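Engineer: Got a structure here, written out as structure tokens. Questions coming.
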Amino acid sequence: MAERASAVGGERVEERPGSSQRDEVRVSTLELFFDLVFVFTITQLTAVLAHEPNGTGVLRVGVMLVVIWWMYGGYAWLTNVVAPDRMAYQLLLLSGMAAFLVLSLAIPTAFAGGGLEFGLAYLVIVLIHAGLFTRSQAGASAAAILRVAPLNLVAALAIVAAGIAGGVAREALWAVAVAVIVLPSLRPPDPRFEIAPGHFVERHGLVVIVALGESVVAVGIGASGHPLTAGLVAVAVLGLALTACLWWTYFGEGEDERALEAMRSASPRERPRLALNGFYHCHLLILFGVIAIASALESAIAHPGDPLSFPRSLALAGGAACFLTGDALFRRTLSIGATRWRLTAAVLALAALPLGTEASAVSEVAALVAVLLGCLVLDLRGRRRMPAVRSI
């Protein structure tokens, strides 16, 4: 019998397979602490894209996000069934955090001089994850991880080898690491994985919140050292409004509660598939959208009245479209609501791109805010008129 520590009042809740008590477990403070390190990862990826706003930068950030988000998700699945309530488990999780921190520090040079450090940190993350899963009282989940852990190890070793190699070999080895992660994830996961819906949905919702905070931080970084002009204030406030629209898209009108209810309603054998498709694949698009928007805002804040370069404007409009598409796919995966207006907003967001290149950063951000607000309001009205409709 396993038990998890509740984050509320330090209470403990005994967990038995199939027990409804597991659903009441909250995210622990140690897990929240862990997420703060992941925020630094998002910050570093944003910085890479801000300094390299081209196809190479997008590809490298995308590749790194795929492997990083995979193992961050692995730790979310881990603490979903293994309570960090023992000193040994807590120390191992803190060691995993330290490895994530080293990995984050190596992100800017992961495809250059810091590739080996990135790979070794990733290897430590994989080993601690596998060790905690297999040595803990995780029941069927501990057996199921034995099918995943070897692939994680192969991916980590490929990244280590990429850090040692150079040129074409480095790119090929990174491709191997991504393929080893992505291709198996396209198949249904082992149904023996146990998912506690309440904890799982809350944990990922908190990650989205802290990732959205990166957009706000990006504005502050970009504004540093520049006079507080009317234009700077305008783009800062509009940037915050855009982030608020993204928050509304993901959380507004009880969206997170609908996701929780969908996970609870699914059978235990179906939950791993929903968790993998909804919270890994769809959230990849959501997080990449946040990174792209933050990278554009960080650069645009210094010259809000000037036209943006095409790559910056594309990062802004494309980031919003990416977030909206990811959220729409997430809703469709969990069957928690219509996606029409979110997909419409994604298309219209791309249509706002010329405003950035021909007019100014302020114009493009304002247009994106107007598009998101309009589509979200229409989505809300449609839902209230037809409460019985769950998806298109």
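Residue numbers start at 1 in each chain; chains themselves are named A, B, ... in the order of the structure tokens; ligands are numbered from 1 in the order shown.
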Enumerate the residues of region 246-346 of chain A with a DSSP assignment of alpha helix (DSSP H), computed from the backbone, and present them as a PyMOL selection string.

Structural biologist: chain A and resi 246-251+255-265+271-276+282-300+310-334+340-346

Engineer: Per residue of region 116-162 of chain A within 10 Å of region 88-104 of chain A, record the nearest atom pair and its distance in Å to one decimal, counting only C-alpha atoms, with rows in chain order and ascending residue number, as a Markdown table.

Structural biologist:
```
| residue | atom | partner | partner_atom | distance |
| --- | --- | --- | --- | --- |
| A:Leu116 | CA | A:Leu103 | CA | 9.9 |
| A:Glu117 | CA | A:Leu103 | CA | 7.0 |
| A:Phe118 | CA | A:Leu103 | CA | 4.8 |
| A:Gly119 | CA | A:Leu103 | CA | 7.7 |
| A:Leu120 | CA | A:Leu103 | CA | 8.2 |
| A:Ala121 | CA | A:Ala99 | CA | 5.0 |
| A:Tyr122 | CA | A:Leu103 | CA | 6.6 |
| A:Leu123 | CA | A:Ala99 | CA | 8.8 |
| A:Val124 | CA | A:Ala99 | CA | 6.4 |
| A:Ile125 | CA | A:Gly96 | CA | 5.4 |
| A:Val126 | CA | A:Gly96 | CA | 8.7 |
| A:Leu127 | CA | A:Gly96 | CA | 9.1 |
| A:Ile128 | CA | A:Gly96 | CA | 6.5 |
| A:His129 | CA | A:Gly96 | CA | 7.8 |
| A:Gly131 | CA | A:Leu92 | CA | 9.2 |
| A:Leu132 | CA | A:Tyr89 | CA | 7.2 |
| A:Ser136 | CA | A:Tyr89 | CA | 8.8 |
```

Engineer: Nearest to Arg269 (chain A): which of A:Gly225, A:Pro191, A:Pro354, A:Gly55 is it, counting only C-alpha atoms?

Structural biologist: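 Using only C-alpha atoms, Arg269 (chain A) sits closest to A:Pro191.
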
Engineer: Measure the distance from CA of Leu274 (chain A) to CA of Pro197 (chain A) in Å and round it to one decimal.

Structural biologist: 10.6 Å

Engineer: Name all residues at most 8 Å from region 205-209 of chain A (count only C-alpha atoms; drop same-chain ones fewer than 5 positions away) and give them as a PyMOL selection string.

Structural biologist: chain A and resi 35+247+256+287

Engineer: Give me, as a Markdown table, the closest atom pair and its distance (Å, one decimal) for every residue of region 49-90 of chain A within a cut-off of 9 Å of region 38-43 of chain A, counting only C-alpha atoms, rows sorted by chain and rising number.

Structural biologist:
```
| residue | atom | partner | partner_atom | distance |
| --- | --- | --- | --- | --- |
| A:Leu65 | CA | A:Ile42 | CA | 8.6 |
| A:Ile68 | CA | A:Thr41 | CA | 8.5 |
| A:Tyr72 | CA | A:Phe38 | CA | 7.8 |
```

Engineer: Take the selection from the previous step and output its residues with C-alpha atoms, as a short mmCIF file (atom, residue, chain, number, x, y, z; two decimals), in the first residue's frame.

Structural biologist:
```cif
data_model
loop_
_atom_site.label_atom_id
_atom_site.label_comp_id
_atom_site.auth_asym_id
_atom_site.auth_seq_id
_atom_site.Cartn_x
_atom_site.Cartn_y
_atom_site.Cartn_z
CA LEU A 65 11.71 20.95 -26.09
CA ILE A 68 13.06 18.00 -22.19
CA TYR A 72 9.61 16.51 -17.34
#
```

Engineer: With only C-alpha atoms as the atoms that count, which of A:Leu316, A:Ala367, A:Gly382, A:Leu334 lies nearest to Ser299 (chain A)?

Structural biologist: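 Among the listed residues, A:Leu316 lies closest to Ser299 (chain A).
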
Engineer: In terms of the shortest atom-to-atom distance over only C-alpha atoms, which of A:Pro189, A:Gly289, A:Gly318, A:Gly254 is closest to Ala211 (chain A)?

Structural biologist: A:Gly289

Engineer: Given only C-alpha atoms as the basis, pick out the residue of A:Leu355, A:Ala149, A:Val25, A:Ile286 nearest to Asp306 (chain A).

Structural biologist: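 Closest to Asp306 (chain A), using only C-alpha atoms: A:Leu355.
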
Engineer: Show which residues sit within 12 Å of region 356-365 of chain A, as a ChimeraX atom specification. Count only C-alpha atoms, and ignore same-chain residues fewer than 5 positions away.

Structural biologist: /A:230-243,245,293-294,296-320,348-351,370-372

Engineer: My list of candidates is A:Met263, A:Leu228, A:Cys322, A:Ala161. Which is closest to Phe279 (chain A) when distances are computed with only C-alpha atoms?

Structural biologist: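 Closest to Phe279 (chain A) of all the choices is A:Met263.
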
Engineer: Figure out the distance between CA of Leu78 (chain A) and CA of Arg271 (chain A), please, to one decimal in Å.

Structural biologist: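 A separation of 14.9 Å between them.
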
Engineer: Identify, on the basis of only C-alpha atoms, every residue whose closest approach to region 335-347 of chain A does not exceed 9 Å; exclude the query and any residue fewer than 4 positions from it along the same chain; express the result as a PyMOL selection string.

Structural biologist: chain A and resi 249+255+258-259+261-262+317-318+320-325+327-331+351+368+371-372+374-376+378-379+383+389-392

Engineer: Got time to write the residues from that selection, C-alpha atoms, as a CSV table (one decimal), in the first residue's frame?

Structural biologist:
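So out-v8.csv came out as:
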```csv
chain,number,residue,atom,x,y,z
A,249,THR,CA,-8.1,29.9,-23.5
A,255,GLU,CA,-11.7,24.4,-18.8
A,258,ARG,CA,-13.6,19.8,-17.7
A,259,ALA,CA,-10.2,18.2,-18.3
A,261,GLU,CA,-13.8,15.4,-15.3
A,262,ALA,CA,-12.8,13.8,-18.6
A,317,ALA,CA,1.7,35.4,-34.7
A,318,GLY,CA,2.8,31.8,-35.2
A,320,ALA,CA,-0.3,32.4,-30.8
A,321,ALA,CA,-1.5,30.1,-33.6
A,322,CYS,CA,0.6,27.2,-32.2
A,323,PHE,CA,-0.8,27.7,-28.6
A,324,LEU,CA,-4.4,27.9,-29.9
A,325,THR,CA,-4.0,24.8,-32.1
A,327,ASP,CA,-5.3,23.8,-27.0
A,328,ALA,CA,-7.8,22.9,-29.6
A,329,LEU,CA,-6.2,19.4,-30.1
A,330,PHE,CA,-6.1,19.0,-26.3
A,331,ARG,CA,-9.8,19.7,-26.0
A,351,ALA,CA,-3.3,36.8,-40.7
A,368,LEU,CA,-3.7,39.4,-31.7
A,371,VAL,CA,-8.6,38.2,-32.4
A,372,LEU,CA,-8.3,36.1,-29.3
A,374,GLY,CA,-13.4,38.0,-30.1
A,375,CYS,CA,-13.1,34.3,-30.7
A,376,LEU,CA,-13.2,33.4,-27.0
A,378,LEU,CA,-18.0,33.9,-29.4
A,379,ASP,CA,-16.9,30.5,-28.1
A,383,ARG,CA,-21.3,27.2,-25.3
A,389,VAL,CA,-22.6,20.1,-27.4
A,390,ARG,CA,-19.2,18.8,-26.3
A,391,SER,CA,-17.2,18.8,-29.5
A,392,ILE,CA,-17.5,19.5,-33.1
```

Engineer: When you draw a straight line from CA of Leu105 (chain A) to CA of Gly163 (chain A), how long is it in Å?

Structural biologist: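 Interatomic distance, CA of Leu105 (chain A) to CA of Gly163 (chain A): 14.5 Å.
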
Engineer: Between A:Ala196, A:Leu151, A:Val290, A:Ile159, which residue has the minimum interatomic distance to Val182 (chain A), considering only C-alpha atoms?

Structural biologist: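 Closest to Val182 (chain A) of all the choices is A:Leu151.
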